[in-house]
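Participant: Provided herewith: protein.cif, mmCIF, C-alpha atoms.
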data_work
loop_
_atom_site.label_atom_id
_atom_site.label_comp_id
_atom_site.auth_asym_id
_atom_site.auth_seq_id
_atom_site.Cartn_x
_atom_site.Cartn_y
_atom_site.Cartn_z
CA MET J 254 -97.21 76.08 96.96
CA ASN J 255 -100.10 76.96 99.25
CA LEU J 256 -99.76 79.21 102.29
CA TYR J 257 -99.63 76.32 104.76
CA ASP J 258 -96.65 74.75 102.98
CA GLN J 259 -95.00 78.15 102.58
CA ILE J 260 -95.25 78.82 106.32
CA SER J 261 -93.79 75.37 107.08
CA GLU J 262 -90.82 76.05 104.78
CA ASP J 263 -90.28 79.49 106.29
CA ILE J 264 -90.29 78.00 109.80
CA LYS J 265 -87.37 75.77 108.76
CA LYS J 266 -85.53 78.77 107.29
CA ALA J 267 -86.11 80.84 110.45
CA MET J 268 -84.81 77.96 112.59
CA LEU J 269 -81.65 77.69 110.50
CA SER J 270 -81.05 81.45 110.58
CA ARG J 271 -81.83 81.54 114.33
CA ASP J 272 -84.35 84.36 113.81
CA LYS J 273 -86.21 83.89 117.09
CA GLN J 274 -88.81 86.62 116.59
CA ARG J 275 -89.79 85.51 113.09
CA LEU J 276 -89.85 81.87 114.19
CA GLU J 277 -92.24 82.67 117.03
CA ALA J 278 -94.60 84.55 114.71
CA LEU J 279 -94.51 81.76 112.11
CA ARG J 280 -95.23 79.11 114.74
CA GLY J 281 -98.24 81.15 115.86
CA ILE J 282 -99.50 81.27 112.28
CA LYS J 283 -99.00 77.53 111.81
CA LYS J 284 -100.86 76.83 115.06
CA GLU J 285 -103.87 78.78 113.80
CA PHE J 286 -103.69 76.99 110.45
CA ILE J 287 -103.59 73.55 112.11
CA GLU J 288 -106.56 74.46 114.30
CA ALA J 289 -108.50 75.49 111.19
CA LYS J 290 -107.55 72.28 109.37
CA THR J 291 -108.69 70.08 112.25
CA ALA J 292 -111.76 72.10 113.22
CA LYS J 293 -115.13 70.38 113.25
CA GLY J 294 -116.73 70.63 109.83
CA SER J 295 -113.40 71.07 108.05
CA ASP J 296 -112.47 68.80 105.16
CA GLY J 297 -108.91 68.41 106.48
CA GLU J 298 -107.51 70.85 103.92
CA LEU J 299 -106.64 74.50 104.45
CA HIS J 300 -107.57 76.49 101.38
CA ASP J 301 -105.74 79.75 100.72
CA ASP J 302 -108.89 81.89 101.03
CA VAL J 303 -109.44 80.56 104.57
CA ALA J 304 -105.75 81.02 105.35
CA LEU J 305 -105.94 84.66 104.21
CA LYS J 306 -108.89 85.29 106.51
CA ILE J 307 -106.94 83.78 109.40
CA LEU J 308 -103.89 85.93 108.63
CA THR J 309 -106.01 89.07 108.36
CA LYS J 310 -107.64 88.33 111.71
CA MET J 311 -104.26 87.64 113.34
CA ALA J 312 -102.77 90.90 112.03
CA LYS J 313 -105.76 92.86 113.31
CA GLN J 314 -105.50 91.23 116.75
CA ARG J 315 -101.78 92.02 116.98
CA ARG J 316 -102.34 95.67 115.97
CA GLU J 317 -105.05 96.05 118.63
CA SER J 318 -102.80 94.45 121.25
CA ALA J 319 -99.94 96.77 120.31
CA GLN J 320 -102.22 99.77 120.66
CA ILE J 321 -103.35 98.62 124.13
CA TYR J 322 -99.75 98.02 125.21
CA SER J 323 -98.81 101.50 123.99
CA GLU J 324 -101.67 103.06 125.92
CA GLN J 325 -100.53 101.21 129.05
CA ASN J 326 -96.97 102.47 128.58
CA ARG J 327 -95.49 99.06 127.68
CA PRO J 328 -93.47 99.89 124.55
CA GLU J 329 -91.42 96.65 124.62
CA LEU J 330 -94.57 94.51 124.38
CA ALA J 331 -96.05 96.80 121.72
CA ALA J 332 -92.85 96.43 119.67
CA GLU J 333 -93.10 92.61 119.88
CA GLU J 334 -96.69 92.67 118.63
CA LEU J 335 -95.83 95.04 115.77
CA ALA J 336 -92.91 92.80 114.76
CA GLU J 337 -95.36 89.89 114.52
CA VAL J 338 -97.71 92.05 112.44
CA THR J 339 -94.86 92.66 110.00
CA VAL J 340 -94.26 88.92 109.59
CA ILE J 341 -97.97 88.17 109.21
CA GLU J 342 -98.51 90.95 106.66
CA SER J 343 -95.68 89.61 104.51
CA TYR J 344 -98.03 86.73 103.61
CA LEU J 345 -101.06 88.92 102.90
CA PRO J 346 -101.77 90.37 99.46
CA LYS J 347 -100.92 94.03 98.94
CA PRO J 348 -103.76 96.19 100.32
CA MET J 349 -105.88 98.01 97.75
CA SER J 350 -105.55 101.74 97.22
CA GLU J 351 -108.52 104.05 97.81
CA ALA J 352 -109.11 104.46 94.06
CA GLU J 353 -109.00 100.71 93.39
CA LEU J 354 -111.34 100.04 96.31
CA GLU J 355 -113.81 102.66 95.16
CA ALA J 356 -113.81 101.29 91.60
CA VAL J 357 -114.49 97.73 92.77
CA ILE J 358 -117.26 98.83 95.13
CA LYS J 359 -118.94 100.91 92.38
CA GLU J 360 -118.83 97.84 90.14
CA ILE J 361 -120.43 95.70 92.88
CA ILE J 362 -123.10 98.33 93.52
CA ALA J 363 -123.96 98.35 89.81
CA GLU J 364 -123.99 94.54 89.79
CA THR J 365 -126.38 94.29 92.75
CA GLY J 366 -128.52 97.24 91.69
CA ALA J 367 -128.33 98.80 95.16
CA THR J 368 -129.50 102.41 95.33
CA SER J 369 -129.66 103.29 99.03
CA VAL J 370 -127.97 102.60 102.35
CA LYS J 371 -130.86 100.22 103.16
CA GLU J 372 -129.41 97.80 100.59
CA MET J 373 -125.93 97.92 102.11
CA GLY J 374 -126.19 94.26 103.21
CA LYS J 375 -126.38 93.01 99.62
CA VAL J 376 -123.34 95.02 98.60
CA MET J 377 -121.33 94.09 101.71
CA GLY J 378 -122.01 90.38 101.25
CA LEU J 379 -120.64 90.35 97.72
CA ALA J 380 -117.83 92.81 98.48
CA SER J 381 -116.64 90.80 101.49
CA LYS J 382 -116.29 87.68 99.34
CA LYS J 383 -114.56 89.47 96.47
CA LEU J 384 -112.17 91.51 98.59
CA ALA J 385 -111.32 88.99 101.32
CA GLY J 386 -107.86 89.70 102.70
CA LYS J 387 -107.32 92.72 100.48
CA VAL J 388 -109.09 95.33 102.58
CA ASP J 389 -110.07 95.81 106.22
CA GLY J 390 -113.75 95.12 106.93
CA LYS J 391 -114.33 98.48 108.64
CA ALA J 392 -112.76 100.42 105.79
CA LEU J 393 -114.89 98.45 103.33
CA ALA J 394 -118.10 99.15 105.26
CA ASP J 395 -117.28 102.86 105.54
CA LYS J 396 -116.59 103.14 101.79
CA VAL J 397 -119.78 101.23 100.85
CA LYS J 398 -121.85 103.41 103.16
CA ALA J 399 -120.30 106.59 101.70
CA LEU J 400 -120.94 105.49 98.11
CA LEU J 401 -124.56 104.45 98.81
CA ALA J 402 -125.39 107.65 100.69
#
Show the structure stored in the file as structure tokens.

Facilitator:
Amino acid sequence: MNLYDQISEDIKKAMLSRDKQRLEALRGIKKEFIEAKTAKGSDGELHDDVALKILTKMAKQRRESAQIYSEQNRPELAAEELAEVTVIESYLPKPMSEAELEAVIKEIIAETGATSVKEMGKVMGLASKKLAGKVDGKALADKVKALLA
């Protein structure tokens, strides 16, 4: 079962269990998925790799919103955003540990033959494709830069 179908099934379950907060988060996810499926240039299918990118982006947006709400002393809105993050992250693969991330990046560096920070673009291009949805882009860039330096 792909992610789109999984979300649709979970929406039904949330409706039956009257879990309003989860239902709202799932409907937001499905909305983004439908927009991606019907976007110009799309083949009408939503592949799991695209769905993972969408989920990662959504989780990041919710975390940033929660942080802003916290800074503006709006804890109730921050709590809502963080609850949505929890639902979204339940569909994302388990994040990689520091050691796993470092090992994969070293492998990619060896594969590309990069030796300096000037060649970071080559490494980032390949690493972004390989590690999509498994690691935050900023954390990936920081680790690549540290290993190339």

Participant: Counting only C-alpha atoms, figure out which residue out of J:Leu401, J:Val340, J:Leu308, J:Ala356 gets nearest to Lys375 of chain J.

Facilitator: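 Under the stated criterion, the closest residue is J:Leu401.
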
Participant: What does the distance from atom CA of Lys306 of chain J to atom CA of Ala289 of chain J come to in Å, to one decimal?

Facilitator: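 Computing it gives 10.9 Å between the two atoms.
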
Participant: Output, as JSON, the centre and edge lengths in Å (one decimal) of the axis-aligned box that contains all listed atoms of segment 330-339 of chain J with 4 Å of margin on each side.

Facilitator:
{"center_x": -95.3, "center_y": 93.3, "center_z": 117.2, "size_x": 12.9, "size_y": 14.9, "size_z": 22.4}

Participant: Name the residues in contact with Glu285 of chain J at a cut-off of 9 Å, using only C-alpha atoms, excluding same-chain residues fewer than 4 positions from it; report them as a VMD selection string.

Facilitator: chain J and resid 280 to 281 289 to 290 304 307 to 308 311

Participant: I'd like the contact shell of Asp258 of chain J - 12 Å cut-off, all atoms listed in the file, skipping same-chain residues fewer than 4 positions apart - returned as a list in words.

Facilitator: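 Neighbouring residues, sequence-local ones excluded: Met254, Glu262, Asp263, Ile264, Lys265, Leu279, Ile282, Lys283, Phe286, Ile287, Glu298, Leu299, His300, Asp301 and Ala304 of chain J.
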
Participant: Can you tell me how far atom CA of Leu345 of chain J sits from atom CA of Ile260 of chain J, in Å to one decimal?

Facilitator: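 Going from atom CA of Leu345 of chain J over to atom CA of Ile260 of chain J covers 12.1 Å.
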
Participant: The PyMOL selection byres ((chain J and resi 346) around 7) - which residues does that actually catch in the file I just gave you? List them as a ChimeraX atom specification.

Facilitator: /J:344-345,347-348,386-387

Participant: Choose the residue, out of J:Lys310, J:Glu342, J:Leu305, J:Arg316, that has the smallest atom-to-atom separation from Gly390 of chain J; count only C-alpha atoms.

Facilitator: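 Ranked by minimum distance to Gly390 of chain J, first place goes to J:Lys310.
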
Participant: Which one is closest to Lys383 of chain J: J:Val357, J:Leu400, J:Ala319, J:Val370? Count all atoms listed in the file.

Facilitator: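 Using all atoms listed in the file, the shortest distance to Lys383 of chain J belongs to J:Val357.
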
Participant: Report, in Å to a single decimal, how far apart atom CA of Ser261 of chain J and atom CA of Lys284 of chain J are.

Facilitator: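 Rounded to one decimal, the two atoms are 10.8 Å apart.
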
Participant: With distances taken over all atoms listed in the file, which residue among J:Met268, J:Leu354, J:Ile341, J:Ala331 lies nearest Ala312 of chain J?

Facilitator: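 Between J:Met268, J:Leu354, J:Ile341, J:Ala331, the residue approaching Ala312 of chain J most closely is J:Ile341.
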
Participant: Which residues match the PyMOL selection byres ((chain J and resi 355) around 12) in the file above, as a count of residues only?

Facilitator: 26

Participant: Given the point (-92.9, 90.6, 121.3) in the file's coordinates, find the residues that have an atom at most 10 Å from it, counting all atoms listed in the file, and give them as a PyMOL selection string.

Facilitator: chain J and resi 274+277-278+315+319+328-337

Participant: Restricting it to C-alpha atoms, dump the selection as a PDB file, in the coordinates of the input.

Facilitator:
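Here's the written file result_11.pdb:
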ATOM      1  CA  GLN J 274     -88.810  86.620 116.590  1.00  0.00           C
ATOM      2  CA  GLU J 277     -92.240  82.670 117.030  1.00  0.00           C
ATOM      3  CA  ALA J 278     -94.600  84.550 114.710  1.00  0.00           C
ATOM      4  CA  ARG J 315    -101.780  92.020 116.980  1.00  0.00           C
ATOM      5  CA  ALA J 319     -99.940  96.770 120.310  1.00  0.00           C
ATOM      6  CA  PRO J 328     -93.470  99.890 124.550  1.00  0.00           C
ATOM      7  CA  GLU J 329     -91.420  96.650 124.620  1.00  0.00           C
ATOM      8  CA  LEU J 330     -94.570  94.510 124.380  1.00  0.00           C
ATOM      9  CA  ALA J 331     -96.050  96.800 121.720  1.00  0.00           C
ATOM     10  CA  ALA J 332     -92.850  96.430 119.670  1.00  0.00           C
ATOM     11  CA  GLU J 333     -93.100  92.610 119.880  1.00  0.00           C
ATOM     12  CA  GLU J 334     -96.690  92.670 118.630  1.00  0.00           C
ATOM     13  CA  LEU J 335     -95.830  95.040 115.770  1.00  0.00           C
ATOM     14  CA  ALA J 336     -92.910  92.800 114.760  1.00  0.00           C
ATOM     15  CA  GLU J 337     -95.360  89.890 114.520  1.00  0.00           C
TER      16      GLU J 337
END
